[in-house]
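target-v8.pdb, holding PDB, C-alpha atoms and all ligand atoms:
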```pdb
ATOM      1  CA  MET A   1     -28.153 155.417  13.993
ATOM      2  CA  ASN A   2     -31.444 153.539  14.049
ATOM      3  CA  ASP A   3     -34.571 154.464  12.160
ATOM      4  CA  ALA A   4     -36.668 155.678  15.120
ATOM      5  CA  ALA A   5     -37.989 159.157  14.370
ATOM      6  CA  PRO A   6     -36.040 161.262  16.862
ATOM      7  CA  PRO A   7     -37.763 164.090  18.646
ATOM      8  CA  ALA A   8     -36.315 167.408  17.500
ATOM      9  CA  LEU A   9     -33.786 168.538  20.036
ATOM     10  CA  PRO A  10     -33.805 172.096  21.254
ATOM     11  CA  THR A  11     -30.672 174.026  20.353
ATOM     12  CA  ASP A  12     -30.476 175.909  23.607
ATOM     13  CA  ALA A  13     -31.502 175.403  27.177
ATOM     14  CA  SER A  14     -34.489 177.759  27.189
ATOM     15  CA  PRO A  15     -37.685 175.985  28.190
ATOM     16  CA  ARG A  16     -39.964 175.672  25.187
ATOM     17  CA  PRO A  17     -42.234 172.981  23.820
ATOM     18  CA  VAL A  18     -40.291 170.049  22.484
ATOM     19  CA  PRO A  19     -41.676 168.258  19.430
ATOM     20  CA  ALA A  20     -42.161 164.547  20.047
ATOM     21  CA  PRO A  21     -42.209 161.470  17.809
ATOM     22  CA  GLN A  22     -45.030 161.500  15.254
ATOM     23  CA  GLY A  23     -48.525 161.100  16.596
ATOM     24  CA  LEU A  24     -47.568 161.476  20.213
ATOM     25  CA  ALA A  25     -48.102 164.275  22.667
ATOM     26  CA  PRO A  26     -45.168 166.688  22.516
ATOM     27  CA  GLY A  27     -42.165 165.916  24.616
ATOM     28  CA  VAL A  28     -43.602 163.842  27.449
ATOM     29  CA  VAL A  29     -41.541 161.365  29.457
ATOM     30  CA  ALA A  30     -43.029 158.299  27.734
ATOM     31  CA  ASN A  31     -42.090 159.615  24.271
ATOM     32  CA  TRP A  32     -38.539 160.408  25.244
ATOM     33  CA  LEU A  33     -38.104 157.003  26.846
ATOM     34  CA  ASP A  34     -39.312 155.292  23.660
ATOM     35  CA  TRP A  35     -36.975 157.415  21.565
ATOM     36  CA  ALA A  36     -34.000 156.741  23.844
ATOM     37  CA  ALA A  37     -34.656 152.999  24.076
ATOM     38  CA  ALA A  38     -34.720 152.850  20.261
ATOM     39  CA  GLU A  39     -31.492 154.871  20.074
ATOM     40  CA  LEU A  40     -29.769 152.459  22.441
ATOM     41  CA  ALA A  41     -31.241 149.227  21.111
ATOM     42  CA  ALA A  42     -28.223 148.362  18.974
ATOM     43  CA  HIS A  43     -25.729 149.432  21.633
ATOM     44  CA  SER A  44     -26.956 147.988  24.909
ATOM     45  CA  ASP A  45     -28.557 144.744  26.085
ATOM     46  CA  SER A  46     -30.545 146.787  28.575
ATOM     47  CA  ALA A  47     -31.603 149.713  26.367
ATOM     48  CA  ARG A  48     -34.932 150.423  28.043
ATOM     49  CA  ALA A  49     -33.553 150.085  31.564
ATOM     50  CA  ASP A  50     -30.601 152.325  30.680
ATOM     51  CA  ALA A  51     -32.920 154.985  29.266
ATOM     52  CA  GLU A  52     -35.101 154.846  32.372
ATOM     53  CA  THR A  53     -32.139 155.023  34.757
ATOM     54  CA  LEU A  54     -30.660 158.016  32.944
ATOM     55  CA  LEU A  55     -33.926 159.945  32.753
ATOM     56  CA  ALA A  56     -34.850 159.103  36.338
ATOM     57  CA  GLU A  57     -31.491 160.507  37.445
ATOM     58  CA  LEU A  58     -32.090 163.737  35.507
ATOM     59  CA  LEU A  59     -35.551 164.095  37.003
ATOM     60  CA  GLY A  60     -34.355 163.297  40.519
ATOM     61  CA  SER A  61     -36.811 160.443  40.599
ATOM     62  CA  ALA A  62     -36.521 156.770  41.511
ATOM     63  CA  ARG A  63     -36.655 154.623  38.361
ATOM     64  CA  ALA A  64     -39.734 152.822  39.700
ATOM     65  CA  GLN A  65     -41.523 156.174  40.061
ATOM     66  CA  LEU A  66     -40.921 157.150  36.435
ATOM     67  CA  ARG A  67     -43.993 155.199  35.334
ATOM     68  CA  LEU A  68     -46.145 157.654  37.313
ATOM     69  CA  ARG A  69     -44.609 160.573  35.393
ATOM     70  CA  HIS A  70     -45.085 159.240  31.834
ATOM     71  CA  ASP A  71     -47.370 162.127  30.836
ATOM     72  CA  GLU A  72     -45.105 164.837  32.230
ATOM     73  CA  ALA A  73     -43.561 167.223  29.704
ATOM     74  CA  LEU A  74     -39.789 167.589  29.802
ATOM     75  CA  GLU A  75     -38.134 170.979  29.883
ATOM     76  CA  ALA A  76     -35.757 171.795  27.051
ATOM     77  CA  ALA A  77     -32.720 171.836  29.332
ATOM     78  CA  THR A  78     -33.551 168.326  30.549
ATOM     79  CA  VAL A  79     -34.014 167.121  26.981
ATOM     80  CA  LEU A  80     -30.629 168.509  25.959
ATOM     81  CA  ARG A  81     -28.900 166.804  28.843
ATOM     82  CA  PHE A  82     -30.797 163.548  28.279
ATOM     83  CA  ALA A  83     -29.837 163.526  24.609
ATOM     84  CA  SER A  84     -26.173 164.057  25.445
ATOM     85  CA  TRP A  85     -26.287 161.219  28.001
ATOM     86  CA  ILE A  86     -27.935 158.922  25.466
ATOM     87  CA  GLU A  87     -25.157 159.765  23.009
ATOM     88  CA  ARG A  88     -22.531 158.877  25.644
ATOM     89  CA  ARG A  89     -24.305 155.590  26.305
ATOM     90  CA  ARG A  90     -24.458 154.879  22.556
ATOM     91  CA  ASN A  91     -20.667 155.252  22.562
ATOM     92  CA  GLY A  92     -20.409 152.517  25.166
ATOM     93  CA  GLU A  93     -19.909 154.542  28.339
ATOM     94  CA  PRO A  94     -21.397 152.665  31.314
ATOM     95  CA  VAL A  95     -24.537 154.163  32.851
ATOM     96  CA  ALA A  96     -22.819 154.307  36.250
ATOM     97  CA  TYR A  97     -20.113 156.665  34.975
ATOM     98  CA  ILE A  98     -22.680 158.853  33.228
ATOM     99  CA  VAL A  99     -24.763 159.323  36.372
ATOM    100  CA  GLY A 100     -21.689 159.246  38.642
ATOM    101  CA  ARG A 101     -22.965 156.721  41.116
ATOM    102  CA  GLN A 102     -23.610 153.047  41.694
ATOM    103  CA  GLY A 103     -25.477 151.080  44.324
ATOM    104  CA  PHE A 104     -23.449 148.478  46.223
ATOM    105  CA  TRP A 105     -24.687 146.461  49.191
ATOM    106  CA  THR A 106     -26.978 148.988  50.941
ATOM    107  CA  LEU A 107     -24.899 151.995  49.925
ATOM    108  CA  ASP A 108     -25.255 154.521  47.128
ATOM    109  CA  LEU A 109     -21.632 155.208  46.106
ATOM    110  CA  VAL A 110     -20.340 158.129  44.074
ATOM    111  CA  ILE A 111     -17.930 156.999  41.390
ATOM    112  CA  ASP A 112     -15.836 158.408  38.584
ATOM    113  CA  THR A 113     -13.471 156.918  36.047
ATOM    114  CA  ALA A 114     -10.670 156.683  38.642
ATOM    115  CA  VAL A 115     -12.465 153.689  40.155
ATOM    116  CA  LEU A 116     -13.915 150.395  39.043
ATOM    117  CA  ILE A 117     -17.717 150.334  38.989
ATOM    118  CA  PRO A 118     -18.576 148.142  41.998
ATOM    119  CA  ARG A 119     -20.128 144.854  40.832
ATOM    120  CA  PRO A 120     -22.938 142.835  42.472
ATOM    121  CA  ASP A 121     -20.656 139.751  42.376
ATOM    122  CA  THR A 122     -18.374 141.449  44.908
ATOM    123  CA  GLU A 123     -21.230 141.278  47.417
ATOM    124  CA  THR A 124     -20.373 137.544  47.626
ATOM    125  CA  LEU A 125     -17.100 138.621  49.238
ATOM    126  CA  VAL A 126     -18.890 141.048  51.581
ATOM    127  CA  GLU A 127     -21.312 138.303  52.705
ATOM    128  CA  TRP A 128     -18.443 135.931  53.453
ATOM    129  CA  ALA A 129     -16.498 138.660  55.269
ATOM    130  CA  LEU A 130     -19.482 139.513  57.476
ATOM    131  CA  SER A 131     -19.992 135.839  58.337
ATOM    132  CA  LEU A 132     -16.449 135.857  59.754
ATOM    133  CA  LEU A 133     -16.997 139.022  61.808
ATOM    134  CA  PRO A 134     -19.379 138.555  64.754
ATOM    135  CA  ALA A 135     -21.846 141.411  65.310
ATOM    136  CA  GLY A 136     -20.288 143.970  67.643
ATOM    137  CA  THR A 137     -16.759 142.865  66.785
ATOM    138  CA  SER A 138     -13.978 145.346  67.351
ATOM    139  CA  GLY A 139     -11.672 143.312  65.091
ATOM    140  CA  ARG A 140      -9.297 144.706  62.508
ATOM    141  CA  VAL A 141     -10.099 144.419  58.823
ATOM    142  CA  LEU A 142      -7.901 145.282  55.840
ATOM    143  CA  ASP A 143      -9.321 145.964  52.346
ATOM    144  CA  LEU A 144      -6.546 146.011  49.740
ATOM    145  CA  GLY A 145      -7.295 147.950  46.529
ATOM    146  CA  THR A 146     -10.408 149.637  47.861
ATOM    147  CA  GLY A 147     -11.320 151.641  44.722
ATOM    148  CA  SER A 148     -14.613 153.412  45.488
ATOM    149  CA  GLY A 149     -14.413 152.002  49.018
ATOM    150  CA  ALA A 150     -17.174 149.519  48.190
ATOM    151  CA  ILE A 151     -16.053 146.527  50.278
ATOM    152  CA  ALA A 152     -14.543 148.483  53.176
ATOM    153  CA  LEU A 153     -17.599 150.719  53.539
ATOM    154  CA  ALA A 154     -20.084 147.857  53.200
ATOM    155  CA  VAL A 155     -18.272 145.931  55.954
ATOM    156  CA  ALA A 156     -17.953 149.043  58.131
ATOM    157  CA  SER A 157     -21.640 149.883  57.682
ATOM    158  CA  GLU A 158     -22.565 146.439  59.075
ATOM    159  CA  ARG A 159     -19.810 146.180  61.719
ATOM    160  CA  PRO A 160     -19.393 149.756  62.975
ATOM    161  CA  ALA A 161     -17.176 148.754  65.923
ATOM    162  CA  ALA A 162     -14.623 147.067  63.661
ATOM    163  CA  SER A 163     -11.581 149.059  62.625
ATOM    164  CA  VAL A 164     -11.147 148.976  58.853
ATOM    165  CA  LEU A 165      -8.064 150.020  56.914
ATOM    166  CA  ALA A 166      -8.588 150.548  53.174
ATOM    167  CA  THR A 167      -5.641 150.933  50.795
ATOM    168  CA  ASP A 168      -5.137 151.745  47.161
ATOM    169  CA  VAL A 169      -2.157 152.620  44.994
ATOM    170  CA  SER A 170      -4.330 155.227  43.238
ATOM    171  CA  ASP A 171      -4.706 158.496  45.136
ATOM    172  CA  ALA A 172      -7.554 159.478  42.821
ATOM    173  CA  ALA A 173      -9.396 156.303  43.834
ATOM    174  CA  LEU A 174      -8.764 157.045  47.520
ATOM    175  CA  ASP A 175     -10.311 160.511  47.050
ATOM    176  CA  VAL A 176     -13.491 158.827  45.792
ATOM    177  CA  ALA A 177     -13.471 156.313  48.658
ATOM    178  CA  ARG A 178     -12.991 159.081  51.254
ATOM    179  CA  GLU A 179     -15.876 161.019  49.733
ATOM    180  CA  ASN A 180     -18.091 157.928  50.012
ATOM    181  CA  ALA A 181     -17.119 157.453  53.654
ATOM    182  CA  ARG A 182     -17.917 161.117  54.321
ATOM    183  CA  ARG A 183     -21.289 160.966  52.552
ATOM    184  CA  HIS A 184     -22.312 157.915  54.558
ATOM    185  CA  GLY A 185     -20.953 159.241  57.853
ATOM    186  CA  ILE A 186     -18.682 156.214  58.230
ATOM    187  CA  VAL A 187     -15.774 157.091  60.521
ATOM    188  CA  SER A 188     -14.357 153.635  61.261
ATOM    189  CA  VAL A 189     -12.574 153.291  57.900
ATOM    190  CA  HIS A 190      -9.089 154.745  57.518
ATOM    191  CA  PHE A 191      -7.418 155.135  54.177
ATOM    192  CA  ARG A 192      -3.838 154.567  53.141
ATOM    193  CA  SER A 193      -2.032 155.094  49.860
ATOM    194  CA  GLY A 194       0.411 152.440  48.686
ATOM    195  CA  ALA A 195       1.050 149.211  46.821
ATOM    196  CA  TRP A 196      -0.619 146.150  48.370
ATOM    197  CA  LEU A 197       0.891 145.253  51.753
ATOM    198  CA  ALA A 198       3.762 147.704  51.373
ATOM    199  CA  ALA A 199       1.160 150.373  52.196
ATOM    200  CA  LEU A 200       1.071 149.200  55.814
ATOM    201  CA  SER A 201       2.994 150.812  58.683
ATOM    202  CA  PRO A 202       4.566 148.623  61.365
ATOM    203  CA  ASP A 203       1.775 149.377  63.863
ATOM    204  CA  ASP A 204      -1.075 148.496  61.468
ATOM    205  CA  GLY A 205      -2.518 145.083  62.172
ATOM    206  CA  PRO A 206      -2.201 142.250  62.768
ATOM    207  CA  PHE A 207      -5.580 141.806  61.094
ATOM    208  CA  ASP A 208      -8.431 139.428  61.844
ATOM    209  CA  LEU A 209      -9.551 139.596  58.249
ATOM    210  CA  MET A 210      -7.916 140.677  55.008
ATOM    211  CA  VAL A 211     -10.053 141.088  51.877
ATOM    212  CA  SER A 212      -9.291 142.154  48.340
ATOM    213  CA  ASN A 213     -10.911 142.409  44.952
ATOM    214  CA  PRO A 214      -7.640 142.986  43.094
ATOM    215  CA  PRO A 215      -7.198 143.388  39.335
ATOM    216  CA  TYR A 216      -7.338 139.838  37.911
ATOM    217  CA  ILE A 217      -7.820 140.029  34.155
ATOM    218  CA  ALA A 218      -4.964 138.815  31.943
ATOM    219  CA  GLU A 219      -3.198 141.453  29.831
ATOM    220  CA  GLY A 220      -4.590 141.254  26.315
ATOM    221  CA  ASP A 221      -7.849 139.537  27.374
ATOM    222  CA  ALA A 222     -10.616 139.997  24.808
ATOM    223  CA  HIS A 223     -13.035 141.360  27.444
ATOM    224  CA  LEU A 224     -10.914 144.462  27.997
ATOM    225  CA  ALA A 225     -12.383 146.261  24.979
ATOM    226  CA  ALA A 226     -15.801 146.289  26.640
ATOM    227  CA  LEU A 227     -14.208 147.621  29.845
ATOM    228  CA  ARG A 228     -12.353 150.489  28.168
ATOM    229  CA  TYR A 229     -13.917 153.191  30.338
ATOM    230  CA  GLU A 230     -12.659 151.590  33.551
ATOM    231  CA  PRO A 231      -9.113 152.221  34.848
ATOM    232  CA  ARG A 232      -6.640 149.661  33.491
ATOM    233  CA  LEU A 233      -4.966 149.689  36.905
ATOM    234  CA  ALA A 234      -8.155 148.195  38.360
ATOM    235  CA  LEU A 235      -8.454 145.480  35.737
ATOM    236  CA  THR A 236      -5.263 143.744  34.601
ATOM    237  CA  SER A 237      -2.500 141.978  36.461
ATOM    238  CA  GLY A 238       0.142 140.221  34.363
ATOM    239  CA  ILE A 239      -0.099 137.669  31.601
ATOM    240  CA  ASP A 240      -2.381 135.298  33.515
ATOM    241  CA  GLY A 241      -4.154 137.964  35.615
ATOM    242  CA  LEU A 242      -2.773 136.503  38.851
ATOM    243  CA  ASP A 243       0.219 138.740  39.627
ATOM    244  CA  ALA A 244      -1.598 140.821  42.260
ATOM    245  CA  ILE A 245      -3.134 137.745  43.900
ATOM    246  CA  ARG A 246       0.271 136.031  44.015
ATOM    247  CA  GLU A 247       1.801 139.080  45.714
ATOM    248  CA  ILE A 248      -1.022 139.433  48.250
ATOM    249  CA  VAL A 249      -0.957 135.709  49.121
ATOM    250  CA  ARG A 250       2.829 135.771  49.523
ATOM    251  CA  GLU A 251       2.767 138.738  51.939
ATOM    252  CA  ALA A 252      -0.528 138.237  53.771
ATOM    253  CA  GLN A 253       0.392 135.877  56.607
ATOM    254  CA  ALA A 254       2.926 138.317  58.044
ATOM    255  CA  HIS A 255       0.030 140.733  58.726
ATOM    256  CA  LEU A 256      -2.705 138.295  59.819
ATOM    257  CA  LYS A 257      -3.465 137.068  63.314
ATOM    258  CA  ALA A 258      -3.310 133.311  63.887
ATOM    259  CA  GLY A 259      -6.746 132.090  62.786
ATOM    260  CA  GLY A 260      -7.254 135.203  60.635
ATOM    261  CA  TRP A 261      -8.743 134.928  57.158
ATOM    262  CA  LEU A 262      -7.745 136.103  53.687
ATOM    263  CA  LEU A 263     -10.571 136.384  51.118
ATOM    264  CA  LEU A 264      -9.797 137.129  47.468
ATOM    265  CA  GLU A 265     -12.131 137.835  44.570
ATOM    266  CA  HIS A 266     -10.965 136.410  41.232
ATOM    267  CA  GLY A 267     -12.059 135.446  37.727
ATOM    268  CA  HIS A 268     -14.563 132.626  37.144
ATOM    269  CA  ASP A 269     -11.795 130.357  35.831
ATOM    270  CA  GLN A 270      -9.174 131.155  38.474
ATOM    271  CA  GLY A 271     -10.621 129.302  41.489
ATOM    272  CA  ALA A 272      -8.307 126.276  41.253
ATOM    273  CA  ALA A 273      -5.224 128.463  40.749
ATOM    274  CA  VAL A 274      -6.060 130.679  43.740
ATOM    275  CA  ARG A 275      -6.785 127.667  45.953
ATOM    276  CA  ALA A 276      -3.398 126.215  44.995
ATOM    277  CA  LEU A 277      -1.674 129.516  45.815
ATOM    278  CA  LEU A 278      -3.321 129.726  49.241
ATOM    279  CA  GLU A 279      -2.604 126.086  50.070
ATOM    280  CA  SER A 280       1.039 126.309  49.087
ATOM    281  CA  ALA A 281       1.381 129.457  51.234
ATOM    282  CA  GLY A 282       0.179 127.384  54.218
ATOM    283  CA  PHE A 283      -3.448 128.575  54.487
ATOM    284  CA  THR A 284      -5.967 126.047  55.815
ATOM    285  CA  ALA A 285      -9.727 125.587  55.280
ATOM    286  CA  VAL A 286      -9.248 126.844  51.730
ATOM    287  CA  GLU A 287     -12.486 127.021  49.746
ATOM    288  CA  THR A 288     -14.044 128.823  46.792
ATOM    289  CA  ARG A 289     -17.500 130.403  46.844
ATOM    290  CA  LYS A 290     -19.720 131.171  43.876
ATOM    291  CA  ASP A 291     -21.271 134.465  42.779
ATOM    292  CA  PHE A 292     -24.946 135.097  41.895
ATOM    293  CA  GLY A 293     -24.313 133.649  38.436
ATOM    294  CA  SER A 294     -22.957 130.391  39.972
ATOM    295  CA  ASN A 295     -19.398 131.152  38.865
ATOM    296  CA  ASP A 296     -16.382 130.619  41.111
ATOM    297  CA  ARG A 297     -15.746 134.134  42.424
ATOM    298  CA  VAL A 298     -14.137 134.304  45.896
ATOM    299  CA  THR A 299     -11.505 132.030  47.428
ATOM    300  CA  GLY A 300     -10.456 132.234  51.036
ATOM    301  CA  GLY A 301      -8.220 130.548  53.553
ATOM    302  CA  ARG A 302      -7.281 130.761  57.196
ATOM    303  CA  LYS A 303      -3.891 131.349  58.734
ATOM    304  CA  PRO A 304      -3.189 128.355  61.000
TER     305      PRO A 304
HETATM  306  C1  LIG A 401     -10.824 145.456  40.761
HETATM  307  S1  LIG A 401     -10.565 147.042  41.504
HETATM  308  C2  LIG A 401     -11.517 146.802  42.985
HETATM  309  C3  LIG A 401     -12.057 148.071  43.573
HETATM  310  C4  LIG A 401     -13.032 147.838  44.749
HETATM  311  N1  LIG A 401     -12.375 147.129  45.826
HETATM  312  C5  LIG A 401     -14.251 147.082  44.299
HETATM  313  O1  LIG A 401     -14.379 145.903  44.656
HETATM  314  O2  LIG A 401     -15.099 147.647  43.592
HETATM  315  C6  LIG A 401      -8.877 146.880  42.043
HETATM  316  C7  LIG A 401      -8.298 148.068  42.812
HETATM  317  O3  LIG A 401      -6.933 147.759  43.111
HETATM  318  C8  LIG A 401      -6.162 148.926  42.974
HETATM  319  N2  LIG A 401      -4.770 148.549  42.731
HETATM  320  C9  LIG A 401      -4.174 148.192  41.579
HETATM  321  N3  LIG A 401      -2.880 147.927  41.774
HETATM  322  C10 LIG A 401      -2.658 148.108  43.091
HETATM  323  C11 LIG A 401      -1.498 147.972  43.917
HETATM  324  N4  LIG A 401      -0.315 147.600  43.414
HETATM  325  N5  LIG A 401      -1.617 148.220  45.229
HETATM  326  C12 LIG A 401      -2.821 148.599  45.764
HETATM  327  N6  LIG A 401      -3.936 148.743  45.036
HETATM  328  C13 LIG A 401      -3.859 148.501  43.715
HETATM  329  C14 LIG A 401      -6.797 149.669  41.814
HETATM  330  O4  LIG A 401      -6.469 151.049  41.835
HETATM  331  C15 LIG A 401      -8.278 149.371  42.041
HETATM  332  O5  LIG A 401      -8.881 150.381  42.820
END
```
Would you mind writing the structure in this file as structure tokens?
Amino acid sequence: MNDAAPPALPTDASPRPVPAPQGLAPGVVANWLDWAAAELAAHSDSARADAETLLAELLGSARAQLRLRHDEALEAATVLRFASWIERRRNGEPVAYIVGRQGFWTLDLVIDTAVLIPRPDTETLVEWALSLLPAGTSGRVLDLGTGSGAIALAVASERPAASVLATDVSDAALDVARENARRHGIVSVHFRSGAWLAALSPDDGPFDLMVSNPPYIAEGDAHLAALRYEPRLALTSGIDGLDAIREIVREAQAHLKAGGWLLLEHGHDQGAAVRALLESAGFTAVETRKDFGSNDRVTGGRKP
């Protein structure tokens, strides 16, 4: 615990005045944000932003609008919920799981702990994919390991005439992805349960474009502790993290059209290894692109 004087929390959900930190007006938004940011300071690099995101969600407000509501008193029920969310965040749970959603590309996606939290770096893959799909294309796209549906739905939202197949070995993840498609009214994505390319039926494909953000962290990697809320299935893949990528590269050409592309997200230090895998499988025009942090992030190649 830190030393910030915590506002007294109500013990039930009945609306009543909530005492605030000393010297401040009772229980207004600004006070609770200060309290929460102090609570989170030792647990998050983005304590203030986390507090604002969580409270904005509870108030049904955009985070940017919260500033206009600083003098608003909070109801006891909201305070109780806010305090329990701050406690979850103090324990290391990501904000996205607490609020149950995450923005990706232009989409607001619902998520739960069955799926990886979509990352901004994966938008590098979406940008590259869209550059390979002319506007109005009716081409076929395959997203392997779709999780929340992030990549498949982002591509489908920009190329509505394309036919997108999204697979995952996790049925719980596919439920989340289907819900996201439904919420966004996207009907051009179909979902299939199964392991990598074994999920495909004989009449699926051949594809113009195959994309995947597979698990790529090595078993035992030190970063896994910080990712403990996310499904292990979405994170690790063998002792060097490359098992899934090896399998996808090995099987991909049988399901790609001539001239079709395979794009794979990977770890910042795996670019050379993934390029070598693609080249030895016979892909041409192999190159690696960088994410927003200038790290190697996506490697792709073309079937001759
Ligand atoms: C890193 S997550 C990516 C999720 C999503 N595509 C994204 O970018 O946010 C990897 C996904 O691959 C799925 N996965 C793991 N093993 C798989 C397998 N053998 N076959 C198909 N999907 C698999 C996981 O369930 C998880 O949803």
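In this comparison, which uses only C-alpha atoms, the residue of A:Leu74, A:Ala47, A:Met210, A:Ala56 approaching Gly27 of chain A most closely is A:Leu74.
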_Pairwise distance for atom CA of Ala114 of chain A and atom CA of Gly238 of chain A, rounded to one decimal in Å_ =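 Atom CA of Gly238 of chain A lies at a distance of 20.2 Å from atom CA of Ala114 of chain A.
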_Surrounding residues as an MDAnalysis selection string, ligand LIG 401 (chain A), max 9 Å, only C-alpha atoms and all ligand atoms_ = chainID A and resid 104 114:119 122:123 143:152 166:174 193:199 211:216 231:237 244 265
Pull the closest atom pair for each residue of segment 57-160 of chain A that gets at most 8 Å from segment 181-191 of chain A, along with the distance in Å to one decimal, counting all atoms listed in the file, ordering rows by chain and then ascending residue number, as CSV.
```
residue,atom,partner,partner_atom,distance
A:Leu107,CA,A:His184,CA,8.0
A:Gly149,CA,A:Ala181,CA,7.7
A:Ala152,CA,A:Val189,CA,7.0
A:Leu153,CA,A:Ala181,CA,6.8
A:Ala156,CA,A:Ser188,CA,6.6
A:Ser157,CA,A:Ile186,CA,7.0
A:Pro160,CA,A:Ser188,CA,6.6
```
*Kindly resolve the PyMOL selection byres (((chain A and resi 125) around 12) and not hetatm) on the present coordinates and return the residues as number ranges by chain.*
A: 105, 119-124, 126-132, 143, 150-152, 154-155, 209-213, 262-266, 288-292, 296-300
*Give me, please, the distance in Å between atom CA of Ser46 of chain A and atom CA of Arg90 of chain A, quoted to one decimal.*
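Atom-to-atom, atom CA of Ser46 of chain A to atom CA of Arg90 of chain A, that is 11.8 Å.
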*Two-atom distance - atom CA of Gly260 of chain A, atom CA of Pro304 of chain A (Å)*: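 According to the coordinates, atom CA of Gly260 of chain A and atom CA of Pro304 of chain A are separated by 8.0 Å.
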_Ranking A:His43, A:Arg302, A:Arg48, A:Arg89 by minimum distance to Ala258 of chain A and counting only C-alpha atoms, which one comes first?_
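Ranked by minimum distance to Ala258 of chain A, first place goes to A:Arg302.
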*Would you mind telling me which residue in A:Leu55, A:Ala30, A:Ala218, A:Leu133 lies nearest to Ala162 of chain A when using all atoms listed in the file?*
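With all atoms listed in the file as the atom set, the closest residue is A:Leu133.
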_Selection: 12 Å around Ile98 of chain A, all atoms listed in the file, excl. self and same-chain fewer than 5 positions, as a ChimeraX atom specification_ = /A:50-51,53-55,57-58,81-82,84-93,110-113,117,229
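Shortest atom-to-atom contact with Ala177 of chain A among A:Ala254, A:Leu109, A:Thr137, A:Pro206: A:Leu109, counting only C-alpha atoms.
Closest approach to Lys257 of chain A among A:Leu242, A:Val176, A:Val141, A:Ala285: A:Val141, based on all atoms listed in the file.
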Need the axis-aligned box for segment 181-198 of chain A with 6 Å each side, so what are the centre and edges in Å to one decimal, as AutoDock Vina command-line options?
```
--center_x -9.3 --center_y 153.2 --center_z 54.0 --size_x 38.1 --size_y 27.9 --size_z 26.4
```
For segment 211-224 of chain A, where the input has fewer atoms than it should, I would like N, CA and C atoms rebuilt and written as a short mmCIF file (atom, residue, chain, number, x, y, z; two decimals), in the frame of the given file.
```cif
data_model
loop_
_atom_site.label_atom_id
_atom_site.label_comp_id
_atom_site.auth_asym_id
_atom_site.auth_seq_id
_atom_site.Cartn_x
_atom_site.Cartn_y
_atom_site.Cartn_z
N VAL A 211 -9.24 141.34 53.07
CA VAL A 211 -10.05 141.09 51.88
C VAL A 211 -9.48 141.89 50.72
N SER A 212 -9.67 141.38 49.51
CA SER A 212 -9.29 142.15 48.34
C SER A 212 -10.06 141.68 47.11
N ASN A 213 -10.46 142.66 46.32
CA ASN A 213 -10.91 142.41 44.95
C ASN A 213 -9.85 143.07 44.07
N PRO A 214 -8.75 142.36 43.83
CA PRO A 214 -7.64 142.99 43.09
C PRO A 214 -7.89 142.92 41.59
N PRO A 215 -7.09 143.60 40.78
CA PRO A 215 -7.20 143.39 39.34
C PRO A 215 -6.85 141.92 39.05
N TYR A 216 -7.64 141.25 38.17
CA TYR A 216 -7.34 139.84 37.91
C TYR A 216 -7.57 139.42 36.47
N ILE A 217 -7.66 140.38 35.57
CA ILE A 217 -7.82 140.03 34.16
C ILE A 217 -6.43 139.95 33.51
N ALA A 218 -6.25 138.96 32.63
CA ALA A 218 -4.96 138.82 31.94
C ALA A 218 -4.76 139.95 30.95
N GLU A 219 -3.52 140.45 30.86
CA GLU A 219 -3.20 141.45 29.83
C GLU A 219 -3.61 140.88 28.48
N GLY A 220 -4.23 141.71 27.66
CA GLY A 220 -4.59 141.25 26.32
C GLY A 220 -5.89 140.47 26.24
N ASP A 221 -6.58 140.27 27.35
CA ASP A 221 -7.85 139.54 27.37
C ASP A 221 -8.87 140.24 26.48
N ALA A 222 -9.66 139.43 25.76
CA ALA A 222 -10.62 140.00 24.81
C ALA A 222 -11.71 140.84 25.48
N HIS A 223 -11.98 140.60 26.77
CA HIS A 223 -13.04 141.36 27.44
C HIS A 223 -12.65 142.81 27.72
N LEU A 224 -11.36 143.12 27.60
CA LEU A 224 -10.91 144.46 28.00
C LEU A 224 -11.52 145.55 27.12
#
```
